[in-house]
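Working notes, structure below.
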Amino acid sequence: MPFPQKPRKLLDQVRDKLRVKHYAYRTEKAYTFWIRRFILFHDKTHPRDMGVKEIEAFLTYLAVNRGVSAATQNQALNALMFLYKKVLHIGISEPIHSVRAKRPVRLPVVLSKQDALRIIELMAGETQLVVKLLYGSGLRLMECLRLRVKDVDFSRNQVLVCHGKGGKDRVTMLPSNVVAPLKAHLKRIRAIHAEDCQRGFGRVYLPGALARKYPNAAIQWVWQYVFPSKSLSRDRRSGIIRRHHLNESAVRKSIKKAAKTARIHKPVGCHTFRHSFATHLLEAGYDIRTVQELLGHKDLSTTMIYTHVLNRGGRAVKSPLD
């Protein structure tokens, strides 16, 4: 008589449900982190024995005692709502009345064109190419690192962003300044991919059910990352050894080092180049709707923030002193 299987642990059930629904690995880590924190906060009480009051107490603790941002508190709330609705199948009908962290209204940090180009010139190799695309195409960092060979269209000078923020696809420009170095980079990467294939590797992660539908697609050149990692690694979910994309920390460190060398007295990060891309296009007279499409913003009000940081000072109002 076979022994009855032990029920899977709660966090394993959460991971299973997230993977069935094709949530990103980063979301999986974040949600399991907050669910674990929630359980520990209430002395390891099972969530099935808790409800709205316990959720409110935890969220209030995060805002008041831990001083988390509004985005962090919302992420914790989303994780708990996913746990109750999708895993435990317990409906939360009452509204959540916790102390909410305030979302501050801040203007984005924008570089002048000279400063942006100066930082890029002080960089080299793959990270320089990545930052050129952040500034020249308006890409988010992870959108750039997740680019596949098939997403770069040299004939039309455009880049296809697949599954960007919110799961949306969009098309943006490919700067002519990047074409030659990017082609040379892809030539080097293709040689590395061919060597991986000869060693019995060469497979890449494919989103959704593509790996099952097209078993040979994972080894094809067109599906490889434009910016692959320097080494092979074991996938944490499947256990398959393959070459992932370049780690984002390498780009961040390179930007920080170049900004310090250039003596830029502003907090410069990867997203600063996307902010600068949008602002400089508006300064050049391009239509805000066009900029909205290039950035992939769903709401025009999100793009409107850049009209307040144009290089005109004081909302373009002329000072009486002048």
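Following the order of the structure tokens, first chain is A, next is B, and so on, with residues numbered from 1 inside each chain and ligands from 1 in the order they appear.
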Checklist entry - When DSSP works through the backbone of this structure, what residues of region 25-172 of chain A end up as helix (DSSP H, G or I), shown as a ChimeraX atom specification? => result /A:25-41,47-49,52-64,70-87,113-121,125-137,141-145,149-151,165-167
DSSP says strand (DSSP E or B) for which residues of region 72-243 of chain A? Put them as an mmCIF file with C-alpha atoms, in the first residue's frame?
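File produced: result.cif:
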data_model
loop_
_atom_site.group_PDB
_atom_site.id
_atom_site.type_symbol
_atom_site.label_atom_id
_atom_site.label_comp_id
_atom_site.auth_asym_id
_atom_site.auth_seq_id
_atom_site.Cartn_x
_atom_site.Cartn_y
_atom_site.Cartn_z
ATOM 1 C CA ARG A 148 16.681 38.663 -28.181
ATOM 2 C CA VAL A 152 16.721 43.978 -33.345
ATOM 3 C CA ASP A 153 15.719 45.018 -36.877
ATOM 4 C CA GLN A 158 14.020 49.683 -34.841
ATOM 5 C CA VAL A 159 13.885 47.575 -31.698
ATOM 6 C CA LEU A 160 10.931 45.394 -30.730
ATOM 7 C CA VAL A 161 10.333 45.311 -26.975
ATOM 8 C CA ARG A 170 6.092 48.105 -28.436
ATOM 9 C CA VAL A 171 8.492 49.329 -31.094
ATOM 10 C CA THR A 172 11.133 51.975 -30.515
ATOM 11 C CA MET A 173 14.013 53.421 -32.512
ATOM 12 C CA TYR A 225 20.013 37.102 -25.709
ATOM 13 C CA PRO A 228 24.311 37.171 -22.647
ATOM 14 C CA SER A 233 24.645 28.921 -14.941
ATOM 15 C CA ARG A 234 22.031 26.509 -13.645
ATOM 16 C CA ILE A 241 22.464 24.685 -17.407
ATOM 17 C CA ARG A 242 22.310 27.562 -19.898
#
Next on the checklist: Residues within 10 Å of Pro175 (chain A), please, as a list in words. Count only C-alpha atoms; anything in the same chain fewer than 4 positions from it doesn't count.
Outcome noted: Lys132, Leu133, Tyr135, Gly136, Ser137, Phe154, Asn157, Gln158, Val159 and Val179 of chain A
Counting only C-alpha atoms, which residues of region 42-83 of chain A sit at most 8 Å from some atom of region 95-118 of chain A, and what is each one's closest atom pair with its distance in Å to one decimal, listed by chain and rising residue number, as CSV?
residue,atom,partner,partner_atom,distance
A:Val52,CA,A:Ile96,CA,6.6
A:Ile55,CA,A:Ile96,CA,7.7
A:Glu56,CA,A:Ser98,CA,4.7
A:Ala57,CA,A:Ser98,CA,7.0
A:Leu59,CA,A:Ser98,CA,6.2
A:Thr60,CA,A:Val99,CA,4.9
A:Ala63,CA,A:Ala101,CA,5.3
A:Val64,CA,A:Val99,CA,7.5
A:Gly67,CA,A:Ala101,CA,7.7
A:Val68,CA,A:Ala101,CA,7.0
A:Ser69,CA,A:Ala101,CA,5.9
A:Ala70,CA,A:Ala101,CA,4.7
A:Ala71,CA,A:Arg103,CA,7.7
A:Gln73,CA,A:Ala101,CA,7.0
Checklist entry - Do you know which residues are at most 8 Å from Glu248 (chain A) counting only C-alpha atoms, after dropping those on the same chain fewer than 4 positions away, and could you put them as a ChimeraX atom specification? => result /A:141-142,145,252
Item to check | Counting only C-alpha atoms, the residue of A:Asp169, A:Leu139, A:Tyr214, A:Arg188 that sits nearest Thr272 (chain A) | outcome: A:Leu139
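Between CA of Arg19 (chain A) and CA of Thr45 (chain A) there is a distance of 25.2 Å.
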Checklist outcome for this item: In terms of only C-alpha atoms, the residue from A:Gly202, A:Gly51, A:Gly166, A:Pro215 at minimal distance from Ile240 (chain A) is A:Gly202
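Among A:Arg156, A:Lys150, A:Arg190, A:Arg274, the residue with the shortest atom-to-atom distance to Val222 (chain A), counting only C-alpha atoms, is A:Lys150.
Of the listed residues (A:Asp287, A:Pro207, A:Asn247, A:Gln128), A:Asp287 comes nearest to Leu300 (chain A); the distances count only C-alpha atoms.
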Next on the checklist: One decimal, in Å: what's the spacing between CA of Asp151 (chain A) and CA of Leu174 (chain A)?
Outcome noted: 10.7 Å
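For the pair CA of Tyr31 (chain A) and CA of Leu206 (chain A), the interatomic distance is 22.3 Å.
Closest approach to His22 (chain A) from the set A:His163, A:Ser229, A:Asp196, A:Ala258 is made by A:His163, with distances taken over only C-alpha atoms.
Using only C-alpha atoms, the shortest contact distance between Gln224 (chain A) and any of A:His297, A:Leu147, A:Cys270, A:Thr261 is found at A:Leu147.
Near Cys197 (chain A), within a cut-off of 10 Å and counting only C-alpha atoms, sit the residues Ala191, Ile192, Gly202, Arg203, Ile219 and Gln220 of chain A, with same-chain residues fewer than 5 positions away left out.
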Save out the residues we just selected, N, CA and C atoms, as a short mmCIF file (atom, residue, chain, number, x, y, z; two decimals), in the first residue's frame.
data_model
loop_
_atom_site.label_atom_id
_atom_site.label_comp_id
_atom_site.auth_asym_id
_atom_site.auth_seq_id
_atom_site.Cartn_x
_atom_site.Cartn_y
_atom_site.Cartn_z
N ALA A 191 29.67 33.61 -32.20
CA ALA A 191 30.78 32.66 -32.09
C ALA A 191 30.75 31.94 -30.74
N ILE A 192 30.41 32.68 -29.66
CA ILE A 192 30.30 32.08 -28.33
C ILE A 192 29.15 31.08 -28.31
N GLY A 202 24.06 25.73 -25.17
CA GLY A 202 23.52 26.62 -26.20
C GLY A 202 22.03 26.88 -26.10
N ARG A 203 21.35 26.26 -25.13
CA ARG A 203 19.91 26.50 -24.98
C ARG A 203 19.69 27.74 -24.12
N ILE A 219 17.61 26.59 -28.87
CA ILE A 219 19.01 26.53 -29.30
C ILE A 219 19.27 27.38 -30.54
N GLN A 220 18.20 27.92 -31.14
CA GLN A 220 18.34 28.71 -32.36
C GLN A 220 18.96 30.07 -32.05
#
Next on the checklist: Give me, as a list in words, all polymer residues having an atom no more than 10 Å from Lys29 (chain A), counting only C-alpha atoms and skipping those fewer than 5 positions away in the same chain.
Outcome noted: Arg15, Ala24 and Trp34 of chain A
